[in-house]
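The file input-v2.txt contains compact mmCIF, C-alpha atoms:
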```txt
# COMPACT_ATOMS: atom_id res chain seq x y z
CA MET T 20 67.26 -1.43 -4.84
CA ILE T 21 68.84 -0.45 -8.16
CA GLU T 22 70.02 -3.16 -10.57
CA PHE T 23 73.46 -2.52 -12.14
CA ASN T 24 74.34 -4.14 -15.49
CA ASN T 25 77.78 -3.75 -17.13
CA ILE T 26 78.43 -0.56 -15.23
CA ASN T 27 80.46 1.97 -17.20
CA GLN T 28 84.12 1.98 -16.09
CA GLU T 29 84.66 5.76 -16.08
CA PRO T 30 85.45 7.38 -12.67
CA PRO T 31 82.05 9.00 -11.92
CA TYR T 32 80.18 5.72 -12.55
CA LEU T 33 82.57 3.73 -10.38
CA LEU T 34 82.21 6.36 -7.66
CA PHE T 35 78.42 6.20 -8.01
CA LYS T 36 78.51 2.43 -7.48
CA LYS T 37 80.92 2.79 -4.54
CA LYS T 38 78.64 5.31 -2.80
CA TYR T 39 75.63 3.11 -3.53
CA ASP T 40 77.34 0.14 -1.85
CA GLU T 41 78.26 2.32 1.15
CA ALA T 42 74.65 3.52 1.47
CA ILE T 43 73.36 -0.08 1.26
CA ASP T 44 75.81 -1.10 3.99
CA ALA T 45 74.64 1.84 6.10
CA GLY T 46 71.03 0.61 5.83
CA GLN T 47 69.77 3.33 3.45
CA LYS T 48 65.98 3.14 2.99
CA ALA T 49 64.28 3.92 -0.35
CA ILE T 50 67.70 3.90 -2.00
CA GLU T 51 66.11 3.90 -5.47
CA ALA T 52 64.22 7.19 -4.87
CA ILE T 53 65.53 9.87 -7.21
CA SER T 54 64.17 13.31 -7.93
CA ILE T 55 63.83 14.15 -11.62
CA SER T 56 63.37 17.78 -12.67
CA SER T 57 62.20 18.85 -16.09
CA TYR T 58 61.38 22.00 -18.04
CA ASN T 59 58.18 22.24 -20.05
CA LYS T 60 59.08 24.65 -22.86
CA GLU T 61 55.50 25.45 -23.81
CA MET T 62 54.43 26.24 -20.23
CA GLN T 63 57.89 27.69 -19.45
CA GLU T 64 57.82 25.84 -16.14
CA VAL T 65 60.26 23.75 -14.13
CA ASP T 66 58.74 20.81 -12.23
CA SER T 67 60.13 18.01 -10.02
CA ARG T 68 58.99 14.66 -8.68
CA TYR T 69 60.45 11.47 -7.22
CA VAL T 70 60.65 8.33 -9.34
CA ASN T 71 62.10 4.89 -8.61
CA LEU T 72 65.40 4.33 -10.40
CA LYS T 73 65.32 0.69 -11.60
CA PHE T 74 68.50 0.11 -13.62
CA VAL T 75 71.92 1.49 -14.37
CA ASN T 76 72.89 -0.19 -17.65
CA ASN T 77 76.40 0.88 -18.71
CA ASN T 78 76.01 4.72 -18.73
CA GLU T 79 72.18 4.79 -18.78
CA PHE T 80 69.91 5.38 -15.80
CA ILE T 81 66.42 3.91 -16.33
CA PHE T 82 63.00 4.42 -14.72
CA PHE T 83 59.42 3.77 -15.88
CA THR T 84 56.33 5.93 -16.10
CA ASN T 85 53.15 6.77 -18.00
CA TYR T 86 54.09 8.30 -21.39
CA ASN T 87 51.08 10.67 -21.23
CA SER T 88 52.03 12.04 -17.81
CA PRO T 89 53.05 15.71 -17.42
CA LYS T 90 56.70 14.70 -16.88
CA SER T 91 56.81 12.68 -20.14
CA ILE T 92 55.36 15.65 -22.02
CA ALA T 93 58.02 17.90 -20.46
CA PHE T 94 60.85 15.46 -21.42
CA ILE T 95 59.69 15.56 -25.05
CA SER T 96 59.46 19.37 -25.07
CA HIS T 97 62.98 19.76 -23.54
CA ASN T 98 65.15 16.64 -23.38
CA GLN T 99 67.59 17.93 -20.75
CA ILE T 100 66.78 17.08 -17.12
CA SER T 101 68.41 17.15 -13.70
CA ALA T 102 68.47 14.21 -11.31
CA LEU T 103 69.06 14.46 -7.59
CA ILE T 104 69.72 11.81 -4.96
CA TYR T 105 70.22 12.20 -1.23
CA TRP T 106 71.38 9.20 0.78
CA SER T 107 71.01 10.36 4.41
CA SER T 108 72.67 7.21 5.81
CA ILE T 109 76.04 8.43 4.46
CA ASN T 110 75.14 12.15 4.08
CA VAL T 111 75.89 12.14 0.36
CA GLN T 112 74.06 14.13 -2.30
CA ILE T 113 74.50 13.22 -5.98
CA ARG T 114 73.53 15.79 -8.62
CA MET T 115 73.34 15.08 -12.34
CA LYS T 116 72.46 16.89 -15.54
CA ALA T 117 71.50 14.59 -18.39
CA ARG T 118 69.73 14.09 -21.73
CA ILE T 119 66.69 11.85 -21.59
CA GLN T 120 64.90 9.62 -24.11
CA LYS T 121 62.31 6.82 -24.20
CA THR T 122 63.40 3.18 -24.06
CA SER T 123 62.31 0.91 -26.94
CA ASP T 124 58.93 -0.83 -27.12
CA GLU T 125 60.71 -4.24 -27.04
CA TYR T 126 62.52 -3.24 -23.85
CA ASN T 127 59.25 -2.09 -22.25
CA GLN T 128 57.33 -5.26 -23.21
CA GLU T 129 60.10 -7.47 -21.84
CA TYR T 130 60.28 -5.56 -18.57
CA PHE T 131 56.48 -5.44 -18.15
CA LYS T 132 56.20 -9.22 -18.48
CA HIS T 133 58.32 -9.71 -15.38
CA ARG T 134 56.60 -7.20 -13.11
CA SER T 135 53.91 -8.17 -10.61
CA THR T 136 50.35 -8.11 -12.00
CA ASP T 137 49.36 -5.73 -9.17
CA LYS T 138 51.84 -3.13 -10.38
CA ASN T 139 50.84 -3.72 -13.99
CA ALA T 140 47.16 -3.26 -13.19
CA LEU T 141 47.99 0.16 -11.79
CA ALA T 142 50.18 1.06 -14.80
CA ILE T 143 47.28 0.16 -17.12
CA SER T 144 44.50 1.76 -15.06
CA SER T 145 46.03 5.08 -14.03
CA ASN T 146 45.70 8.05 -16.32
CA GLN T 147 48.59 9.51 -14.32
CA SER T 148 48.15 13.01 -12.84
CA SER T 149 44.68 13.58 -14.30
CA PRO T 150 42.09 14.98 -11.88
CA ILE T 151 39.52 12.38 -10.74
CA PRO T 152 36.30 12.93 -8.73
CA SER T 153 37.38 10.85 -5.72
CA PHE T 154 39.98 8.43 -4.39
CA ASP T 155 37.26 5.71 -4.37
CA GLN T 156 37.08 6.06 -8.17
CA VAL T 157 40.83 5.34 -8.36
CA ILE T 158 40.32 2.07 -6.47
CA LYS T 159 37.23 1.05 -8.50
CA LYS T 160 39.04 1.61 -11.81
CA TYR T 161 42.05 -0.38 -10.56
CA ASN T 162 39.93 -3.36 -9.45
CA LYS T 163 38.01 -3.43 -12.74
CA ILE T 164 41.27 -3.54 -14.79
CA LYS T 165 42.58 -6.32 -12.54
CA LYS T 166 39.57 -8.46 -13.46
CA ASP T 167 39.18 -7.56 -17.16
CA ARG T 168 42.65 -7.20 -18.70
CA ASP T 169 45.67 -9.25 -19.74
CA LEU T 170 48.12 -7.86 -17.18
CA LYS T 171 51.25 -9.04 -19.01
CA ILE T 172 50.82 -6.84 -22.11
CA CYS T 173 52.41 -3.40 -21.75
CA PRO T 174 50.17 -0.61 -23.07
CA GLN T 175 51.68 1.83 -25.58
CA TYR T 176 51.26 4.68 -23.08
CA TRP T 177 53.59 3.13 -20.49
CA GLY T 178 57.34 2.47 -20.55
CA GLY T 179 60.84 3.52 -19.66
CA PHE T 180 62.96 6.63 -19.88
CA SER T 181 66.73 6.39 -20.05
CA PHE T 182 69.06 9.26 -19.21
CA SER T 183 72.82 9.61 -19.63
CA PRO T 184 74.48 12.26 -17.49
CA PHE T 185 76.95 14.81 -18.86
CA GLU T 186 77.62 16.29 -15.39
CA ILE T 187 77.79 14.45 -12.07
CA GLU T 188 78.57 16.00 -8.70
CA PHE T 189 79.18 14.14 -5.46
CA TRP T 190 78.56 16.31 -2.43
CA GLU T 191 79.58 14.98 0.99
CA GLY T 192 78.16 16.83 3.97
CA ASN T 193 80.38 17.87 6.84
CA ALA T 194 79.21 18.98 10.29
CA SER T 195 81.21 22.24 9.93
CA ARG T 196 79.50 22.84 6.51
CA LEU T 197 82.92 22.64 4.84
CA ASN T 198 81.29 20.20 2.47
CA LYS T 199 83.39 18.24 -0.03
CA ARG T 200 82.25 18.60 -3.65
CA ASP T 201 83.68 16.43 -6.44
CA PHE T 202 82.51 17.49 -9.87
CA TYR T 203 82.75 15.49 -13.13
CA LYS T 204 81.95 16.96 -16.54
CA LEU T 205 81.86 15.19 -19.91
CA ASN T 206 83.68 17.13 -22.64
CA ASP T 207 84.38 15.53 -26.05
CA ASN T 208 83.66 12.11 -24.55
CA ILE T 209 86.20 12.58 -21.75
CA TRP T 210 85.21 13.00 -18.09
CA HIS T 211 87.02 15.94 -16.44
CA HIS T 212 87.26 16.18 -12.66
CA SER T 213 87.35 19.26 -10.42
CA ILE T 214 86.76 20.24 -6.79
CA LEU T 215 84.13 22.90 -6.08
CA GLU T 216 83.93 25.41 -3.26
CA PRO T 217 81.39 24.42 -0.55
CA MET O 3 63.85 22.61 11.88
CA ILE O 4 61.80 25.19 9.99
CA GLU O 5 60.56 28.32 11.78
CA PHE O 6 56.92 29.23 11.08
CA ASN O 7 55.77 32.85 11.49
CA ASN O 8 52.13 33.93 10.98
CA ILE O 9 51.47 30.94 8.76
CA ASN O 10 48.99 31.67 5.98
CA GLN O 11 45.50 30.33 6.84
CA GLU O 12 44.65 28.88 3.40
CA PRO O 13 44.16 25.05 3.23
CA PRO O 14 47.47 24.07 1.55
CA TYR O 15 49.52 26.01 4.13
CA LEU O 16 47.60 24.52 7.05
CA LEU O 17 48.08 21.05 5.54
CA PHE O 18 51.80 21.77 5.08
CA LYS O 19 52.09 22.66 8.78
CA LYS O 20 50.05 19.58 9.78
CA LYS O 21 52.32 17.24 7.77
CA TYR O 22 55.39 19.01 9.19
CA ASP O 23 54.15 18.40 12.74
CA GLU O 24 53.44 14.72 11.92
CA ALA O 25 56.93 14.30 10.46
CA ILE O 26 58.49 15.91 13.55
CA ASP O 27 56.50 13.56 15.79
CA ALA O 28 57.67 10.61 13.67
CA GLY O 29 61.30 11.64 14.26
CA GLN O 30 62.02 12.95 10.74
CA LYS O 31 65.71 13.78 10.27
CA ALA O 32 66.91 16.72 8.15
CA ILE O 33 63.33 17.97 8.02
CA GLU O 34 64.48 21.32 6.60
CA ALA O 35 66.13 19.72 3.51
CA ILE O 36 64.31 20.81 0.36
CA SER O 37 65.27 20.31 -3.26
CA ILE O 38 65.07 23.46 -5.39
CA SER O 39 65.09 23.14 -9.18
CA SER O 40 65.74 26.02 -11.52
CA TYR O 41 66.02 26.76 -15.22
CA ASN O 42 68.91 28.79 -16.56
CA LYS O 43 67.47 30.46 -19.66
CA GLU O 44 70.83 31.34 -21.20
CA MET O 45 72.27 27.82 -20.79
CA GLN O 46 68.83 26.27 -21.43
CA GLU O 47 69.45 23.89 -18.56
CA VAL O 48 67.48 22.57 -15.61
CA ASP O 49 69.47 22.03 -12.41
CA SER O 50 68.61 20.89 -8.85
CA ARG O 51 70.19 20.98 -5.41
CA TYR O 52 69.19 20.66 -1.76
CA VAL O 53 69.00 23.75 0.42
CA ASN O 54 67.94 24.22 4.04
CA LEU O 55 64.51 25.80 4.33
CA LYS O 56 64.74 28.24 7.26
CA PHE O 57 61.41 30.05 7.50
CA VAL O 58 57.82 29.95 6.38
CA ASN O 59 56.59 33.52 6.89
CA ASN O 60 52.90 33.82 5.97
CA ASN O 61 52.96 32.44 2.36
CA GLU O 62 56.73 32.81 1.81
CA PHE O 63 59.30 30.02 2.03
CA ILE O 64 62.81 31.36 2.76
CA PHE O 65 66.34 29.97 2.43
CA PHE O 66 69.79 31.59 2.17
CA THR O 67 72.64 31.27 -0.31
CA ASN O 68 75.46 32.99 -2.15
CA TYR O 69 73.99 35.51 -4.64
CA ASN O 70 76.76 34.74 -7.16
CA SER O 71 76.15 30.98 -7.11
CA PRO O 72 74.86 29.19 -10.24
CA LYS O 73 71.41 28.75 -8.64
CA SER O 74 71.07 32.49 -7.91
CA ILE O 75 72.01 33.28 -11.51
CA ALA O 76 69.39 30.79 -12.72
CA PHE O 77 66.69 32.32 -10.43
CA ILE O 78 67.37 35.75 -11.94
CA SER O 79 67.26 34.40 -15.53
CA HIS O 80 63.96 32.52 -14.90
CA ASN O 81 62.08 33.34 -11.69
CA GLN O 82 59.89 30.21 -11.62
CA ILE O 83 61.20 27.23 -9.65
CA SER O 84 60.02 23.89 -8.33
CA ALA O 85 60.53 22.76 -4.74
CA LEU O 86 60.37 19.16 -3.58
CA ILE O 87 60.28 17.64 -0.10
CA TYR O 88 60.21 14.00 0.91
CA TRP O 89 59.56 13.13 4.54
CA SER O 90 60.32 9.39 4.70
CA SER O 91 59.11 9.08 8.32
CA ILE O 92 55.51 9.62 7.15
CA ASN O 93 56.02 8.68 3.45
CA VAL O 94 54.83 12.07 2.23
CA GLN O 95 56.12 13.96 -0.78
CA ILE O 96 55.32 17.67 -1.19
CA ARG O 97 55.72 19.25 -4.62
CA MET O 98 55.52 22.97 -5.31
CA LYS O 99 55.82 25.36 -8.22
CA ALA O 100 56.61 28.92 -7.23
CA ARG O 101 57.97 32.35 -8.16
CA ILE O 102 61.20 33.30 -6.41
CA GLN O 103 62.85 36.61 -5.46
CA LYS O 104 65.63 37.95 -3.24
CA THR O 105 64.88 39.03 0.32
CA SER O 106 65.79 42.62 1.27
CA ASP O 107 69.27 43.71 2.40
CA GLU O 108 67.81 44.74 5.80
CA TYR O 109 66.33 41.26 6.25
CA ASN O 110 69.65 39.63 5.33
CA GLN O 111 71.70 41.85 7.68
CA GLU O 112 69.32 41.16 10.56
CA TYR O 113 69.40 37.40 9.96
CA PHE O 114 73.19 37.29 9.53
CA LYS O 115 73.75 39.00 12.88
CA HIS O 116 72.08 36.11 14.69
CA ARG O 117 73.84 33.23 12.94
CA SER O 118 76.90 31.49 14.39
CA THR O 119 80.24 33.07 13.41
CA ASP O 120 81.37 29.66 12.06
CA LYS O 121 78.55 29.62 9.53
CA ASN O 122 79.12 33.29 8.70
CA ALA O 123 82.84 32.69 8.09
CA LEU O 124 81.89 30.07 5.51
CA ALA O 125 79.28 32.34 3.90
CA ILE O 126 81.92 35.06 3.55
CA SER O 127 84.78 32.81 2.44
CA SER O 128 83.12 30.51 -0.08
CA ASN O 129 82.91 31.58 -3.70
CA GLN O 130 80.17 28.97 -3.97
CA SER O 131 80.49 26.34 -6.73
CA SER O 132 83.70 27.78 -8.20
CA PRO O 133 86.44 25.24 -8.96
CA ILE O 134 89.34 25.35 -6.47
CA PRO O 135 92.72 23.55 -6.67
CA SER O 136 92.20 21.41 -3.57
CA PHE O 137 90.01 20.84 -0.53
CA ASP O 138 92.93 22.04 1.67
CA GLN O 139 92.61 25.45 -0.02
CA VAL O 140 88.95 25.58 1.05
CA ILE O 141 89.95 25.07 4.67
CA LYS O 142 92.84 27.59 4.52
CA LYS O 143 90.60 30.29 3.05
CA TYR O 144 87.97 29.61 5.71
CA ASN O 145 90.44 29.83 8.60
CA LYS O 146 91.91 33.09 7.26
CA ILE O 147 88.45 34.74 7.05
CA LYS O 148 87.68 33.55 10.57
CA LYS O 149 90.70 35.46 11.88
CA ASP O 150 90.56 38.56 9.69
CA ARG O 151 86.93 39.60 9.23
CA ASP O 152 83.98 41.07 11.13
CA LEU O 153 81.77 37.98 11.06
CA LYS O 154 78.56 39.86 11.90
CA ILE O 155 78.40 41.94 8.70
CA CYS O 156 76.58 40.22 5.86
CA PRO O 157 78.38 40.63 2.53
CA GLN O 158 76.37 41.94 -0.45
CA TYR O 159 76.87 38.61 -2.25
CA TRP O 160 75.03 36.60 0.39
CA GLY O 161 71.38 36.55 1.45
CA GLY O 162 67.93 35.05 1.24
CA PHE O 163 65.54 33.96 -1.45
CA SER O 164 61.81 33.87 -0.81
CA PHE O 165 59.37 31.83 -2.88
CA SER O 166 55.57 31.77 -2.89
CA PRO O 167 53.97 28.67 -4.38
CA PHE O 168 51.15 28.81 -6.94
CA GLU O 169 50.78 24.99 -6.98
CA ILE O 170 51.20 22.56 -4.07
CA GLU O 171 50.70 18.81 -4.22
CA PHE O 172 50.66 16.44 -1.25
CA TRP O 173 51.47 12.88 -2.29
CA GLU O 174 50.99 10.11 0.28
CA GLY O 175 52.63 6.80 -0.53
CA ASN O 176 50.69 3.58 -0.19
CA ALA O 177 52.18 0.06 -0.16
CA SER O 178 49.90 -0.96 -3.06
CA ARG O 179 51.08 2.11 -5.05
CA LEU O 180 47.52 3.44 -5.01
CA ASN O 181 49.07 6.68 -3.81
CA LYS O 182 46.86 9.53 -2.62
CA ARG O 183 47.47 12.85 -4.36
CA ASP O 184 45.92 16.11 -3.18
CA PHE O 185 46.54 19.01 -5.53
CA TYR O 186 46.08 22.74 -4.79
CA LYS O 187 46.33 25.43 -7.45
CA LEU O 188 46.13 29.21 -7.01
CA ASN O 189 43.84 30.88 -9.57
CA ASP O 190 42.85 34.54 -9.21
CA ASN O 191 44.04 34.47 -5.59
CA ILE O 192 41.84 31.48 -4.72
CA TRP O 193 43.22 28.04 -3.93
CA HIS O 194 41.41 25.28 -5.86
CA HIS O 195 41.62 21.67 -4.70
CA SER O 196 41.53 18.45 -6.74
CA ILE O 197 42.47 14.76 -6.44
CA LEU O 198 44.94 13.36 -8.99
CA GLU O 199 45.29 9.83 -10.32
CA PRO O 200 48.20 7.93 -8.76
```
Before anything else, please render the file you have as structure tokens.
Amino acid sequence: MIEFNNINQEPPYLLFKKKYDEAIDAGQKAIEAISISSYNKEMQEVDSRYVNLKFVNNNEFIFFTNYNSPKSIAFISHNQISALIYWSSINVQIRMKARIQKTSDEYNQEYFKHRSTDKNALAISSNQSSPIPSFDQVIKKYNKIKKDRDLKICPQYWGGFSFSPFEIEFWEGNASRLNKRDFYKLNDNIWHHSILEP
Amino acid sequence: MIEFNNINQEPPYLLFKKKYDEAIDAGQKAIEAISISSYNKEMQEVDSRYVNLKFVNNNEFIFFTNYNSPKSIAFISHNQISALIYWSSINVQIRMKARIQKTSDEYNQEYFKHRSTDKNALAISSNQSSPIPSFDQVIKKYNKIKKDRDLKICPQYWGGFSFSPFEIEFWEGNASRLNKRDFYKLNDNIWHHSILEP
């Protein structure tokens, strides 16, 4: 599930919420799964991965991760990303381009306090995406942290990223492939709408 | 469905095929849906969209599109892409980085001949991703092409892209979030395996 707070009242946000509600009603699983793609300028490489979208606060989409992970390093090197959602239950794809930035330390601490200690133990213990000799090692490290650490204090290397889209497309699949594509683009703080060819 | 031809015998390809077969057995829908992310060097922008993966021929993954579409322009400007699959039926995510290139005109003509004329009419009629005054216009244009054109001749602006990965990660979700991550990287034509932290 995604938590919505003071959702922005511009058309693409209202449409996002409407499609979300339709997908919930249609029994969509893993509705919070969103693919985030980044560009690492130094490596000159595009990369993608799924994250769990936690909040939409006004015009900001928020998820959490390890700040030393390859994706965080890519976001710092190039702060423009793309986000992609597919809700199969309603056959809707949502595409976004956005700028991304870290959330504040206060925000992260507050959020961390209210998560389960199991999740927090993993956030503290995992040096995300680093090679490790075996999967057993992963489990050992996790169990040690669970015993030894205060699991309500958020480490500096973990927290949120917030992105605000400047383009949002809603793509609705059609059996004939004559797909419907509604495109919104932010120009001088105004959202402009157009229809795209399938 | 994805068609496999002479699948490459290296470990990451065999594992890809194994996971594909498991997902099929688990009733995975839209199994051919794959997210492709690109970087447009001129615009300095990452973008993502789903495409339908059609073939895996040896070590090449192949899909088809309009060669004038924004994604095709991005592939030409920067030939490295990322590809992302999520098969919810088995909770497996597959991440790839790859180099991408066009398939040959002969290959495209041969493939086009065997597609349905409905699909071909759309391939011919759609100036993909261009703004259009209304959705009715899309349908009118499509119906006109269907009547007027030889639907077995592939236009020069339509065809395949083939990508060969140089990194492949298999991520298996676990309820505790102690996810299993198997990572394969091609170095000097040899695939190296490692385990990544969750």
- Item | Nearest-residue call for chain T, choices O:Ser106, O:Asn81, O:Ser136, O:Ser74, using all atoms listed in the file | O:Ser136
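Residues in contact with T:Ala49 at up to 9 Å, not including ones fewer than 4 positions away on its chain and judged by all atoms listed in the file, are Met20, Asn71 and Trp106 of chain T; Ser90 of chain O.
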What does the file look like for those residues with C-alpha atoms, as a short mmCIF file (atom, residue, chain, number, x, y, z; two decimals), keeping the file's coordinate frame?
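again33.cif, written as the output of this step:
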```
data_model
loop_
_atom_site.label_atom_id
_atom_site.label_comp_id
_atom_site.auth_asym_id
_atom_site.auth_seq_id
_atom_site.Cartn_x
_atom_site.Cartn_y
_atom_site.Cartn_z
CA MET T 20 67.26 -1.43 -4.84
CA ASN T 71 62.10 4.89 -8.61
CA TRP T 106 71.38 9.20 0.78
CA SER O 90 60.32 9.39 4.70
#
```
- Counting all atoms listed in the file, which residues of chain T come no farther than 7 Å from chain O, as a VMD selection string? chain T and resid 56 to 58 64 to 68 99 to 101 103 114 116 145 to 153 157 213 to 217
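Between O:Leu55 and the candidates O:Asn93, O:Ile26, O:Glu34, O:Thr67, the tightest atom-to-atom separation, counting only C-alpha atoms, involves O:Glu34.
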- Task: May I ask for the distance between atom CA of T:Ile21 and atom CA of T:Phe74, given in Å to one decimal place?
- Result: 5.5 Å
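Taking atom CA of O:Asn189 as the reference point, atom CA of O:Pro14 is found at 13.5 Å.
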How would stretch 87-99 of chain T read, as an mmCIF file, keeping the file's coordinate frame, once N, CA and C atoms are built in?
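Saved the output as rebuild29.cif:
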```
data_model
loop_
_atom_site.group_PDB
_atom_site.id
_atom_site.type_symbol
_atom_site.label_atom_id
_atom_site.label_comp_id
_atom_site.auth_asym_id
_atom_site.auth_seq_id
_atom_site.Cartn_x
_atom_site.Cartn_y
_atom_site.Cartn_z
ATOM 1 N N ASN T 87 51.960 9.497 -21.085
ATOM 2 C CA ASN T 87 51.080 10.670 -21.230
ATOM 3 C C ASN T 87 51.133 11.583 -20.011
ATOM 4 N N SER T 88 51.974 11.244 -19.036
ATOM 5 C CA SER T 88 52.030 12.040 -17.810
ATOM 6 C C SER T 88 52.693 13.388 -18.079
ATOM 7 N N PRO T 89 52.432 14.387 -17.224
ATOM 8 C CA PRO T 89 53.050 15.710 -17.420
ATOM 9 C C PRO T 89 54.585 15.631 -17.539
ATOM 10 N N LYS T 90 55.231 14.740 -16.782
ATOM 11 C CA LYS T 90 56.700 14.700 -16.880
ATOM 12 C C LYS T 90 57.149 14.211 -18.249
ATOM 13 N N SER T 91 56.431 13.201 -18.807
ATOM 14 C CA SER T 91 56.810 12.680 -20.140
ATOM 15 C C SER T 91 56.657 13.773 -21.194
ATOM 16 N N ILE T 92 55.587 14.545 -21.070
ATOM 17 C CA ILE T 92 55.360 15.650 -22.020
ATOM 18 C C ILE T 92 56.485 16.680 -21.901
ATOM 19 N N ALA T 93 56.911 16.954 -20.667
ATOM 20 C CA ALA T 93 58.020 17.900 -20.460
ATOM 21 C C ALA T 93 59.316 17.352 -21.066
ATOM 22 N N PHE T 94 59.609 16.050 -20.882
ATOM 23 C CA PHE T 94 60.850 15.460 -21.420
ATOM 24 C C PHE T 94 60.898 15.595 -22.941
ATOM 25 N N ILE T 95 59.726 15.447 -23.578
ATOM 26 C CA ILE T 95 59.690 15.560 -25.050
ATOM 27 C C ILE T 95 59.917 17.009 -25.468
ATOM 28 N N SER T 96 59.349 17.941 -24.702
ATOM 29 C CA SER T 96 59.460 19.370 -25.070
ATOM 30 C C SER T 96 60.886 19.897 -24.850
ATOM 31 N N HIS T 97 61.609 19.312 -23.873
ATOM 32 C CA HIS T 97 62.980 19.760 -23.540
ATOM 33 C C HIS T 97 63.679 18.530 -22.983
ATOM 34 N N ASN T 98 64.623 17.966 -23.752
ATOM 35 C CA ASN T 98 65.150 16.640 -23.380
ATOM 36 C C ASN T 98 66.313 16.678 -22.385
ATOM 37 N N GLN T 99 66.556 17.856 -21.797
ATOM 38 C CA GLN T 99 67.590 17.930 -20.750
ATOM 39 C C GLN T 99 66.890 17.950 -19.395
#
```
